[in-house]
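Following: one structure in structure tokens, then a few remarks.
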Amino acid sequence: MPGIDMEEDVPTGWVKPVAKPTRESLLARVAELRAELAQAEAQLKAMEDDARLEALVKIRNLMRAFELTLEDLGLEAPPPRRRGRPRKQPD
């Protein structure tokens, strides 16, 4: 193409050779990236938990402001689960 000099991208003279990565260096790099990923995932989980809590607080405040109940919203609170041993069934 006119106006573009293609020879600028071609290195001239001696080019320092780059060593191929070894198995150990690749495994170390993978371990570093996994540690980074775990840290980023923990940060994401904390952000999601904070956003969920903030949304619940907003919903609760709106319900209080407009004096709404779960039944008003068409939601029924599930009956509380009993903990412990189940009742004995009559024979």
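In the structure tokens, each chain is lettered A, B, ... as it comes, each chain's residues begin at 1, and ligands are numbered from 1 in order of appearance.
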Can you tell me, as a ChimeraX atom specification, which residues in chain A count as alpha helix (DSSP H) by DSSP?
/A:23-65
